[in-house]
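Note sheet for the following structure.
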Number of protein chains: 2
Amino acid sequence: MDYWCELAWLPPGEVVSGVLVTVDGSRISAITPETADPPPGAVVLRGLTTPGFANTHSHAFHRALRGRTQADRGTFWTWREQMYGVAARLDPDSYLALARATFAEMALAGVTCVGEFHYLHHAADGKPYDDPNVMGHALITAAREAGLRITLLDACYLTGGIGTALVGTQRQFGDGDAVRWAARAEDLAKAYRKTPEVEVGAAIHSVRAVPPEQMTVVVEFAHQQASPVHAHVSEQRRENEACVEAYSATPVQLLHDRGALGPRATAVHATHLSNVDIALLSGSTTHVCMCPTTERDLADGIGPARALLDAGSPVTIGTDSQAVIDVFEELRAIELDERLATGKRGHWQARELLNVATAAGHASLGFPDAGFLVPGAWADLVSIRLDSVRTAGASKPTAVESAVFAASAADVHSVVSGGRRIVAEGRHMLGDVGGMLADSIGALHE
Amino acid sequence: MDYWCELAWLPPGEVVSGVLVTVDGSRISAITPETADPPPGAVVLRGLTTPGFANTHSHAFHRALRGRTQADRGTFWTWREQMYGVAARLDPDSYLALARATFAEMALAGVTCVGEFHYLHHAADGKPYDDPNVMGHALITAAREAGLRITLLDACYLTGGIGTALVGTQRQFGDGDAVRWAARAEDLAKAYRKTPEVEVGAAIHSVRAVPPEQMTVVVEFAHQQASPVHAHVSEQRRENEACVEAYSATPVQLLHDRGALGPRATAVHATHLSNVDIALLSGSTTHVCMCPTTERDLADGIGPARALLDAGSPVTIGTDSQAVIDVFEELRAIELDERLATGKRGHWQARELLNVATAAGHASLGFPDAGFLVPGAWADLVSIRLDSVRTAGASKPTAVESAVFAASAADVHSVVSGGRRIVAEGRHMLGDVGGMLADSIGALHE
């Protein structure tokens, strides 16, 4: 299949007119710039075409909370209580429906690969399902049906806080210990070993939820599988304080001590970091996933994204709590929030932010061969309207700036994911995604 | 004309099902709640219907800069140089075309009244046009053709900085002194005295641009006209420092000393305020216009919106530099940026934010009889989809939360402005607004 792009963003970061992208199966087989006119039979992609976006941190079920948690005051911790309420009502069928709709919403926003940080393993009373991986399978099925690749980051979640047992809804999350977690995760990984669109990775939920000696088991699993390993890190000051009190180490130091950092690792949030934390993350080339719209929503704070990049950590983005699903909004928020924190403009260039959503993101999900338009890479193409009321007036030299700083998810008109056209003319191949969301969310709140 | 609303937001802030709004000319003549089914002939408005939005601070021509200023690093002050470049290229015809398209974009975002802070009075060399108000007329015509009411805030702009003459492009802005400014503004006001959809108000550009003794003349004009008077206030720390150095007073203190504060006054930005400034603004019931997406873009900082409201200042929003035009994004940014600044959620309830965009905003523009759905008020209705991928899953009790925290401008599907349906099914009555924007902006950058 041939796709002719009116404008395409090609390595090392140039906007080029008239680019023919030839796709063979799931991969790009050729890139032909300076193709003035669309050849017969080619699909014409107007506007700006970029590589597909990687959403490296998602909790699909949080989509059911959107809007509904805003009626209350309070903190991250009171928000978490509402989140637990939805978790307790999910089963494999309802989670499949909700996640499929949520992943389809992501597809409409240009996401072609999602990192699903998964800890809803068991039934509401904590009992494993007959197939203890049925919830993980549901998430993977949901992503594939919505047309996304998925890295299922199977989370080890053992304690409710440092030295505290899991209680109530939290029992859904636990496997008892990391060895039992690893046995279950290994079964899941085995099931997808021959499915190139699915990667099973590991996650250390947080220093709150995984004692240091158990972390070692998770890290060992990730090494054996050569898989990504993600962890929530320093989202909240209270988490840092408890960690230092218990272990005389920050969360980053603890992860470093247990060998969890490195090029296959991703620290999610990384909001409240010391200079030593920044040195440990960047010195180990650990990815850092910023979730700016969630961090705004949960009043987390503004992480030192630019300092991390400068020191050597690839930066990625995640929609996390699904407060909104808009990759452009996440990207520009990285820059705009740094502007608010410093009183200066221009920390991030638009092309650097686009790299956050593409090459850096896919690499953190274990797909280093995605996120750029070159022969051999995954055939992921996102096409962004430059003629909507938001983007009209864009010029070729600043088309990336217009997309990153002014576009919204509603401006994505076409998405090709792994060679498959999953969005055309702004519509998802599954049809009425709004209806799917309303039905699956409504059923949970009845 | 009858409009039947699936859900409507009625005073004092309740979401009600099945509301019939009867419109007679430009006004609402009746509100009939609990109308289960749409009567024959009524226009059916699905989703949530709210009063029209007031955009209380706009510089229409900044729309031509969107995206294009993001390629550079720098500060507010380097951004201003680019803005001057566009200003120098505008004439009455090109400004009419650009402003009409920009106001139509606002209409698509639910705006039914705009406060246009206007200082591009003269030709690029500083010479008045044959009709010295031709640019003001162009803006008013543009708004009316796009279907909006307009408050043309004619700005007095006399100096390039404290004690500094206007130079270069700035000469377009100046009338020599406030007496000559007032004579011109009075002519403009006279021309629209019998046009209820048009209000001509006054603006003191800033303490940089209007010496204190000249402010008095502007204030006197506003009192005589009983019109709104707006001023840029404390957007930048440097502005505050220069003001204190020259006058031993903050910008707010200076405006207070000159009688510029009060219920018809609006302080725009109000980012860097002392406790005394907050007391003077709120004690005088001065409106405060926050422009959060511009303040993020220009690295201005986060103003004390909640403290101002609590102390007695009605808060409004403006799209200012048109970095984006999305009222929902402005509203939630007020809350989300306060979350980032404080580490706490829930400073603003969604209904309070909706009041910012409606009743408070229209009042600051001199239309106190707009912004709520009651008989006698201006017939302004904005209908927001609750079935898009962004808003699907909303519930009636939290419909306002879903709109404010999750909707985007793309979710506005119908707008009635002063009794006239200007947006239906997401399309503006003028047709292809993206094309209008591209043409008018392209012509300026050729």
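FYI, nothing fancy with the structure tokens labels: chains A, B, ... in order, residues from 1 per chain, ligands from 1 as they appear.
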
After superposing chain A onto chain B (least squares, all C-alpha atoms, pairing by order), export the transformed chain as a compact mmCIF listing (two decimals) with C-alpha atoms, in the first residue's frame.
```txt
# COMPACT_ATOMS: atom_id res chain seq x y z
CA MET A 1 -38.19 30.37 17.97
CA ASP A 2 -38.19 27.50 20.46
CA TYR A 3 -35.10 25.58 21.50
CA TRP A 4 -35.50 22.35 23.41
CA CYS A 5 -32.44 21.45 25.48
CA GLU A 6 -31.77 17.86 26.47
CA LEU A 7 -29.88 19.25 29.48
CA ALA A 8 -29.55 22.93 30.40
CA TRP A 9 -27.58 24.73 33.07
CA LEU A 10 -30.04 27.00 34.84
CA PRO A 11 -29.56 29.48 37.68
CA PRO A 12 -28.39 29.11 40.38
CA GLY A 13 -26.24 26.42 38.80
CA GLU A 14 -28.34 23.29 38.35
CA VAL A 15 -28.33 20.91 35.40
CA VAL A 16 -31.97 20.34 34.41
CA SER A 17 -33.38 17.83 31.88
CA GLY A 18 -35.81 18.84 29.15
CA VAL A 19 -35.74 22.65 29.14
CA LEU A 20 -37.65 24.66 26.57
CA VAL A 21 -36.07 28.05 25.82
CA THR A 22 -38.34 30.43 23.96
CA VAL A 23 -36.62 33.23 22.08
CA ASP A 24 -38.26 36.42 20.90
CA GLY A 25 -35.94 38.49 18.71
CA SER A 26 -32.60 38.78 20.50
CA ARG A 27 -33.92 37.91 23.96
CA ILE A 28 -35.12 34.90 25.90
CA SER A 29 -38.85 35.29 26.50
CA ALA A 30 -39.53 32.12 28.49
CA ILE A 31 -37.79 29.18 30.15
CA THR A 32 -39.89 26.05 30.66
CA PRO A 33 -38.15 23.30 32.60
CA GLU A 34 -39.50 19.77 32.79
CA THR A 35 -40.57 19.70 29.16
CA ALA A 36 -40.13 15.99 28.62
CA ASP A 37 -40.30 16.01 24.82
CA PRO A 38 -39.40 18.59 22.19
CA PRO A 39 -42.56 20.38 21.01
CA PRO A 40 -43.22 20.34 17.24
CA GLY A 41 -41.06 22.91 15.46
CA ALA A 42 -38.58 23.32 18.31
CA VAL A 43 -34.89 23.06 17.50
CA VAL A 44 -33.50 20.12 19.47
CA LEU A 45 -30.22 20.84 21.27
CA ARG A 46 -28.56 17.64 22.46
CA GLY A 47 -25.94 17.46 25.19
CA LEU A 48 -25.54 20.28 27.71
CA THR A 49 -26.73 23.80 26.89
CA THR A 50 -25.23 26.73 28.76
CA PRO A 51 -25.37 30.50 28.32
CA GLY A 52 -23.07 31.90 25.65
CA PHE A 53 -19.46 32.53 26.60
CA ALA A 54 -17.83 35.95 26.95
CA ASN A 55 -14.25 36.25 25.75
CA THR A 56 -13.30 39.38 27.64
CA HIS A 57 -9.80 39.92 26.30
CA SER A 58 -8.90 39.47 22.66
CA HIS A 59 -6.32 40.89 20.29
CA ALA A 60 -7.79 39.48 17.09
CA PHE A 61 -4.68 40.01 14.97
CA HIS A 62 -2.50 37.84 17.21
CA ARG A 63 -4.25 34.87 15.56
CA ALA A 64 -1.82 35.36 12.66
CA LEU A 65 1.07 34.48 15.00
CA ARG A 66 -0.27 31.12 16.19
CA GLY A 67 2.35 28.38 15.94
CA ARG A 68 4.80 30.68 14.18
CA THR A 69 6.25 32.21 17.34
CA GLN A 70 7.02 28.82 18.89
CA ALA A 71 10.14 28.22 16.83
CA ASP A 72 12.03 30.74 18.91
CA ARG A 73 13.28 30.81 22.44
CA GLY A 74 13.21 34.04 24.38
CA THR A 75 10.73 35.95 26.47
CA PHE A 76 7.53 37.96 26.37
CA TRP A 77 9.61 40.83 25.06
CA THR A 78 11.07 38.98 22.06
CA TRP A 79 7.60 37.57 21.29
CA ARG A 80 6.37 41.17 21.23
CA GLU A 81 8.78 42.00 18.38
CA GLN A 82 7.17 39.34 16.17
CA MET A 83 3.73 40.63 17.09
CA TYR A 84 4.76 44.13 16.00
CA GLY A 85 5.84 42.70 12.63
CA VAL A 86 2.31 41.46 11.89
CA ALA A 87 0.76 44.69 13.16
CA ALA A 88 2.77 46.72 10.65
CA ARG A 89 1.39 44.68 7.74
CA LEU A 90 -2.32 45.13 8.56
CA ASP A 91 -4.66 47.60 6.87
CA PRO A 92 -8.43 47.97 7.23
CA ASP A 93 -9.26 45.38 4.57
CA SER A 94 -6.81 42.75 5.70
CA TYR A 95 -7.75 43.32 9.33
CA LEU A 96 -11.44 42.90 8.56
CA ALA A 97 -10.76 39.56 6.88
CA LEU A 98 -8.45 38.29 9.64
CA ALA A 99 -10.72 39.45 12.48
CA ARG A 100 -13.86 38.03 10.86
CA ALA A 101 -12.20 34.62 10.58
CA THR A 102 -10.82 34.82 14.12
CA PHE A 103 -14.18 35.84 15.57
CA ALA A 104 -15.81 33.00 13.62
CA GLU A 105 -13.32 30.62 15.25
CA MET A 106 -14.41 32.06 18.61
CA ALA A 107 -18.07 31.49 17.69
CA LEU A 108 -17.25 27.84 16.98
CA ALA A 109 -15.82 27.69 20.52
CA GLY A 110 -19.07 29.02 22.04
CA VAL A 111 -18.17 32.70 22.33
CA THR A 112 -21.15 35.03 21.80
CA CYS A 113 -19.53 38.28 22.90
CA VAL A 114 -15.93 39.41 22.55
CA GLY A 115 -14.04 42.18 24.27
CA GLU A 116 -11.61 43.36 21.62
CA PHE A 117 -8.78 45.33 23.18
CA HIS A 118 -7.95 47.52 20.21
CA TYR A 119 -4.83 49.60 19.73
CA LEU A 120 -3.98 49.21 16.02
CA HIS A 121 -5.54 52.56 15.27
CA HIS A 122 -3.36 54.05 12.55
CA ALA A 123 -1.34 53.19 9.45
CA ALA A 124 2.11 51.62 9.77
CA ASP A 125 3.86 55.00 9.64
CA GLY A 126 1.64 56.30 12.43
CA LYS A 127 -0.53 58.47 10.20
CA PRO A 128 -4.26 58.35 10.91
CA TYR A 129 -6.39 56.91 8.12
CA ASP A 130 -8.85 59.25 6.37
CA ASP A 131 -11.42 57.92 8.78
CA PRO A 132 -9.34 57.69 11.97
CA ASN A 133 -11.68 54.97 13.28
CA VAL A 134 -11.59 52.78 10.19
CA MET A 135 -9.74 49.98 12.02
CA GLY A 136 -12.24 50.03 14.89
CA HIS A 137 -15.11 49.91 12.42
CA ALA A 138 -13.44 46.94 10.71
CA LEU A 139 -13.29 45.03 13.99
CA ILE A 140 -16.90 45.78 14.81
CA THR A 141 -18.02 44.78 11.31
CA ALA A 142 -15.98 41.59 11.61
CA ALA A 143 -17.64 40.61 14.88
CA ARG A 144 -21.13 41.33 13.60
CA GLU A 145 -20.51 39.36 10.40
CA ALA A 146 -19.25 36.44 12.50
CA GLY A 147 -22.40 36.71 14.65
CA LEU A 148 -20.84 37.96 17.89
CA ARG A 149 -21.68 40.94 20.03
CA ILE A 150 -18.61 43.06 20.58
CA THR A 151 -17.29 45.45 23.16
CA LEU A 152 -14.65 47.43 21.33
CA LEU A 153 -12.26 48.47 24.06
CA ASP A 154 -10.57 51.39 22.38
CA ALA A 155 -7.11 51.57 23.90
CA CYS A 156 -5.23 54.71 24.78
CA TYR A 157 -1.57 53.98 24.04
CA LEU A 158 0.73 56.97 24.28
CA THR A 159 4.24 55.90 25.31
CA GLY A 160 6.52 53.00 24.41
CA GLY A 161 7.55 52.64 28.04
CA ILE A 162 7.46 54.88 31.08
CA GLY A 163 8.87 58.19 29.85
CA THR A 164 9.66 56.79 26.39
CA ALA A 165 8.18 57.94 23.07
CA LEU A 166 6.47 55.51 20.70
CA VAL A 167 8.93 54.18 18.13
CA GLY A 168 8.59 52.14 14.94
CA THR A 169 5.42 50.07 14.76
CA GLN A 170 4.25 51.49 18.07
CA ARG A 171 3.40 54.72 16.23
CA GLN A 172 0.35 52.87 14.86
CA PHE A 173 -1.01 52.80 18.38
CA GLY A 174 -0.74 56.43 19.44
CA ASP A 175 -3.10 59.41 19.38
CA GLY A 176 -0.62 61.91 20.84
CA ASP A 177 -2.44 62.49 24.07
CA ALA A 178 -5.50 61.24 25.90
CA VAL A 179 -7.67 64.19 24.92
CA ARG A 180 -7.18 63.40 21.23
CA TRP A 181 -7.68 59.70 22.02
CA ALA A 182 -10.99 60.55 23.74
CA ALA A 183 -12.21 62.67 20.82
CA ARG A 184 -11.61 59.77 18.43
CA ALA A 185 -13.13 57.19 20.77
CA GLU A 186 -16.17 59.36 21.31
CA ASP A 187 -16.76 59.52 17.57
CA LEU A 188 -16.60 55.76 17.43
CA ALA A 189 -19.00 55.38 20.37
CA LYS A 190 -21.49 57.76 18.78
CA ALA A 191 -21.65 55.67 15.62
CA TYR A 192 -22.96 52.66 17.57
CA ARG A 193 -25.17 54.32 20.15
CA LYS A 194 -28.25 52.75 18.61
CA THR A 195 -26.72 49.34 17.98
CA PRO A 196 -27.48 47.19 21.02
CA GLU A 197 -25.03 44.46 19.97
CA VAL A 198 -22.09 46.87 20.00
CA GLU A 199 -20.57 48.57 23.01
CA VAL A 200 -17.63 50.94 22.79
CA GLY A 201 -15.52 50.97 25.93
CA ALA A 202 -12.21 52.42 27.00
CA ALA A 203 -8.87 50.83 27.66
CA ILE A 204 -5.74 52.05 29.37
CA HIS A 205 -3.21 49.94 27.54
CA SER A 206 -0.94 49.64 30.59
CA VAL A 207 1.08 51.74 32.99
CA ARG A 208 3.89 51.45 30.42
CA ALA A 209 1.79 53.14 27.76
CA VAL A 210 -0.33 55.72 29.60
CA PRO A 211 1.18 58.30 31.99
CA PRO A 212 -0.86 58.79 35.18
CA GLU A 213 -2.12 62.28 34.31
CA GLN A 214 -3.40 60.96 30.98
CA MET A 215 -5.15 58.04 32.68
CA THR A 216 -7.45 60.52 34.34
CA VAL A 217 -8.78 61.58 30.95
CA VAL A 218 -9.50 57.98 29.96
CA VAL A 219 -11.28 57.32 33.24
CA GLU A 220 -13.35 60.47 32.80
CA PHE A 221 -14.35 59.31 29.30
CA ALA A 222 -15.46 55.92 30.65
CA HIS A 223 -17.50 57.60 33.39
CA GLN A 224 -19.22 59.86 30.89
CA GLN A 225 -20.00 56.98 28.59
CA ALA A 226 -20.86 54.66 31.51
CA SER A 227 -18.74 52.17 29.62
CA PRO A 228 -16.33 49.41 30.61
CA VAL A 229 -12.69 50.37 31.10
CA HIS A 230 -10.04 47.67 30.81
CA ALA A 231 -6.28 47.70 31.42
CA HIS A 232 -3.38 45.29 31.17
CA VAL A 233 -2.10 44.99 34.73
CA SER A 234 1.01 43.34 36.15
CA GLU A 235 1.45 40.70 33.47
CA GLN A 236 5.23 40.89 33.80
CA ARG A 237 7.45 41.45 36.83
CA ARG A 238 9.59 43.88 34.83
CA GLU A 239 6.51 46.06 34.32
CA ASN A 240 5.90 46.13 38.08
CA GLU A 241 9.50 47.01 38.83
CA ALA A 242 9.56 49.89 36.35
CA CYS A 243 6.27 51.22 37.70
CA VAL A 244 7.41 51.14 41.32
CA GLU A 245 10.66 52.81 40.36
CA ALA A 246 8.93 55.60 38.44
CA TYR A 247 5.89 56.21 40.61
CA SER A 248 6.57 54.53 43.96
CA ALA A 249 3.37 52.62 43.33
CA THR A 250 2.40 49.28 41.81
CA PRO A 251 0.30 49.33 38.62
CA VAL A 252 -2.81 48.53 40.67
CA GLN A 253 -2.06 51.34 43.12
CA LEU A 254 -1.54 53.75 40.25
CA LEU A 255 -4.86 52.79 38.63
CA HIS A 256 -6.56 53.10 42.00
CA ASP A 257 -5.05 56.55 42.58
CA ARG A 258 -6.41 57.69 39.22
CA GLY A 259 -9.92 56.37 39.87
CA ALA A 260 -9.68 53.64 37.26
CA LEU A 261 -10.87 50.77 39.46
CA GLY A 262 -14.50 49.87 40.14
CA PRO A 263 -17.36 47.63 39.01
CA ARG A 264 -17.06 48.74 35.36
CA ALA A 265 -13.30 48.15 35.35
CA THR A 266 -11.40 45.01 34.40
CA ALA A 267 -7.77 44.33 35.24
CA VAL A 268 -6.36 41.97 32.61
CA HIS A 269 -3.81 39.31 33.68
CA ALA A 270 -3.24 40.49 37.27
CA THR A 271 -0.50 37.91 37.53
CA HIS A 272 2.03 39.42 39.91
CA LEU A 273 0.04 41.09 42.69
CA SER A 274 0.82 42.16 46.24
CA ASN A 275 -1.72 41.65 49.01
CA VAL A 276 -2.45 45.38 48.82
CA ASP A 277 -3.13 45.02 45.08
CA ILE A 278 -5.60 42.21 45.78
CA ALA A 279 -7.33 44.35 48.41
CA LEU A 280 -7.61 47.34 46.07
CA LEU A 281 -8.98 45.29 43.16
CA SER A 282 -11.46 43.27 45.19
CA GLY A 283 -12.48 46.12 47.49
CA SER A 284 -13.47 48.12 44.41
CA THR A 285 -15.26 45.10 42.83
CA THR A 286 -12.97 45.40 39.83
CA HIS A 287 -13.24 42.47 37.43
CA VAL A 288 -10.10 40.47 36.83
CA CYS A 289 -9.55 38.77 33.47
CA MET A 290 -7.31 35.71 33.52
CA CYS A 291 -5.82 34.55 30.20
CA PRO A 292 -4.27 31.25 31.28
CA THR A 293 -3.30 29.80 27.91
CA THR A 294 -1.57 33.05 26.98
CA GLU A 295 0.02 33.30 30.41
CA ARG A 296 1.39 29.79 29.93
CA ASP A 297 2.56 30.63 26.42
CA LEU A 298 4.29 33.86 27.40
CA ALA A 299 5.72 32.39 30.62
CA ASP A 300 3.93 35.11 32.60
CA GLY A 301 3.13 33.05 35.67
CA ILE A 302 0.00 32.03 37.61
CA GLY A 303 -2.23 34.80 38.93
CA PRO A 304 -4.05 34.55 42.28
CA ALA A 305 -7.48 33.97 40.73
CA ARG A 306 -9.10 32.24 43.67
CA ALA A 307 -7.84 34.77 46.20
CA LEU A 308 -9.25 37.57 44.04
CA LEU A 309 -12.65 35.89 43.75
CA ASP A 310 -12.80 35.19 47.47
CA ALA A 311 -12.00 38.82 48.22
CA GLY A 312 -14.71 40.14 45.90
CA SER A 313 -13.42 40.49 42.34
CA PRO A 314 -15.50 38.77 39.66
CA VAL A 315 -13.11 36.67 37.55
CA THR A 316 -13.42 36.42 33.74
CA ILE A 317 -11.37 34.78 30.97
CA GLY A 318 -9.82 35.97 27.72
CA THR A 319 -8.11 34.23 24.83
CA ASP A 320 -5.79 37.24 24.48
CA SER A 321 -2.99 36.16 22.12
CA GLN A 322 -5.13 33.40 20.47
CA ALA A 323 -2.38 30.83 21.15
CA VAL A 324 -5.43 28.59 21.27
CA ILE A 325 -9.12 29.54 21.22
CA ASP A 326 -10.81 27.13 23.60
CA VAL A 327 -12.92 28.44 26.47
CA PHE A 328 -12.92 25.06 28.24
CA GLU A 329 -9.13 24.98 28.19
CA GLU A 330 -9.00 28.53 29.66
CA LEU A 331 -11.46 27.62 32.40
CA ARG A 332 -9.83 24.40 33.50
CA ALA A 333 -6.40 26.02 33.31
CA ILE A 334 -7.47 28.44 36.05
CA GLU A 335 -8.04 25.49 38.36
CA LEU A 336 -5.25 23.22 37.09
CA ASP A 337 -2.58 25.90 37.31
CA GLU A 338 -3.68 26.68 40.87
CA ARG A 339 -3.31 22.96 41.59
CA LEU A 340 0.27 23.04 40.27
CA ALA A 341 1.05 26.12 42.32
CA THR A 342 -0.39 24.76 45.57
CA GLY A 343 -0.27 20.95 45.40
CA LYS A 344 -4.00 20.80 46.19
CA ARG A 345 -7.13 20.04 44.13
CA GLY A 346 -10.54 21.70 44.22
CA HIS A 347 -9.92 25.45 44.40
CA TRP A 348 -12.67 26.08 41.86
CA GLN A 349 -15.86 24.12 41.41
CA ALA A 350 -16.90 23.56 37.79
CA ARG A 351 -20.02 25.68 38.20
CA GLU A 352 -17.89 28.57 39.45
CA LEU A 353 -15.70 28.26 36.38
CA LEU A 354 -18.75 28.22 34.11
CA ASN A 355 -19.86 31.43 35.79
CA VAL A 356 -16.45 32.92 34.91
CA ALA A 357 -17.14 32.30 31.21
CA THR A 358 -20.76 33.47 31.32
CA ALA A 359 -22.34 35.94 33.75
CA ALA A 360 -19.09 37.42 35.07
CA GLY A 361 -17.63 37.78 31.61
CA HIS A 362 -20.60 39.46 29.98
CA ALA A 363 -20.88 41.89 32.89
CA SER A 364 -17.27 42.95 32.47
CA LEU A 365 -18.05 43.75 28.83
CA GLY A 366 -21.00 45.97 29.70
CA PHE A 367 -23.67 43.34 29.06
CA PRO A 368 -24.89 42.54 32.57
CA ASP A 369 -28.10 41.19 31.03
CA ALA A 370 -26.31 38.26 29.36
CA GLY A 371 -24.76 35.04 30.63
CA PHE A 372 -27.68 33.29 32.28
CA LEU A 373 -30.72 31.47 30.99
CA VAL A 374 -33.60 33.59 32.33
CA PRO A 375 -36.42 35.45 30.58
CA GLY A 376 -35.29 38.89 29.47
CA ALA A 377 -31.62 37.97 29.07
CA TRP A 378 -29.80 37.97 25.76
CA ALA A 379 -30.65 34.77 23.89
CA ASP A 380 -27.17 33.22 23.85
CA LEU A 381 -27.10 29.42 23.93
CA VAL A 382 -24.07 27.17 23.66
CA SER A 383 -24.66 23.43 23.28
CA ILE A 384 -21.86 21.02 24.14
CA ARG A 385 -21.74 17.41 22.96
CA LEU A 386 -21.73 14.87 25.74
CA ASP A 387 -21.32 11.98 23.29
CA SER A 388 -17.91 12.76 21.79
CA VAL A 389 -14.90 10.64 22.71
CA ARG A 390 -13.87 13.42 25.07
CA THR A 391 -17.15 13.77 26.94
CA ALA A 392 -18.82 10.35 26.56
CA GLY A 393 -19.53 8.75 29.91
CA ALA A 394 -20.68 12.03 31.45
CA SER A 395 -23.51 11.78 33.94
CA LYS A 396 -26.21 14.39 34.57
CA PRO A 397 -24.98 15.27 38.10
CA THR A 398 -21.47 15.88 36.80
CA ALA A 399 -22.25 17.13 33.28
CA VAL A 400 -20.77 20.55 34.06
CA GLU A 401 -17.62 18.92 35.38
CA SER A 402 -17.30 16.86 32.19
CA ALA A 403 -17.75 19.96 30.03
CA VAL A 404 -15.33 22.17 31.94
CA PHE A 405 -12.64 19.57 32.61
CA ALA A 406 -12.83 17.32 29.53
CA ALA A 407 -14.54 19.05 26.60
CA SER A 408 -12.74 20.96 23.88
CA ALA A 409 -13.91 23.66 21.49
CA ALA A 410 -14.54 20.85 18.99
CA ASP A 411 -17.40 19.66 21.19
CA VAL A 412 -19.48 22.83 20.73
CA HIS A 413 -22.13 21.80 18.19
CA SER A 414 -24.60 24.68 18.30
CA VAL A 415 -24.38 28.38 19.15
CA VAL A 416 -27.20 30.89 19.31
CA SER A 417 -26.00 34.47 19.71
CA GLY A 418 -28.52 37.22 20.42
CA GLY A 419 -31.29 35.01 19.05
CA ARG A 420 -29.42 34.14 15.86
CA ARG A 421 -28.21 30.57 15.20
CA ILE A 422 -24.60 31.12 14.16
CA VAL A 423 -23.28 27.56 14.60
CA ALA A 424 -25.20 24.40 13.78
CA GLU A 425 -23.83 20.85 13.76
CA GLY A 426 -20.40 22.28 14.50
CA ARG A 427 -20.38 24.47 11.38
CA HIS A 428 -20.32 28.25 11.31
CA MET A 429 -22.89 30.02 9.19
CA LEU A 430 -20.07 31.67 7.18
CA GLY A 431 -18.83 28.28 5.96
CA ASP A 432 -15.20 27.24 5.84
CA VAL A 433 -13.64 29.16 8.72
CA GLY A 434 -10.35 27.26 8.38
CA GLY A 435 -10.11 28.47 4.79
CA MET A 436 -10.90 32.04 5.85
CA LEU A 437 -8.14 31.87 8.44
CA ALA A 438 -5.62 30.36 6.03
CA ASP A 439 -6.33 32.98 3.37
CA SER A 440 -6.22 35.99 5.68
CA ILE A 441 -3.11 34.82 7.54
CA GLY A 442 -1.34 33.65 4.40
CA ALA A 443 -1.80 37.08 2.81
CA LEU A 444 0.02 38.70 5.74
CA HIS A 445 3.04 36.44 5.57
CA GLU A 446 3.53 36.48 1.79
```

Write down as a compact mmCIF listing (two decimals) with C-alpha atoms, in the first residue's frame the residues belonging to range 64-147 of chain A that are assigned strand (DSSP E) by DSSP computed on the backbone.
```txt
# COMPACT_ATOMS: atom_id res chain seq x y z
CA VAL A 111 -1.63 6.68 19.44
CA THR A 112 -0.39 3.51 17.72
CA CYS A 113 1.18 1.81 20.74
CA VAL A 114 0.12 1.93 24.37
CA GLY A 115 1.99 1.00 27.52
CA GLU A 116 -0.73 -0.32 29.80
CA PHE A 117 0.42 -0.33 33.40
CA HIS A 118 -1.74 -3.17 34.64
```

Assign secondary structure with DSSP using the backbone only, and return the residues of range 353-396 of chain A in helix (DSSP H, G or I) as a VMD selection string.
chain A and resid 353 to 364 396
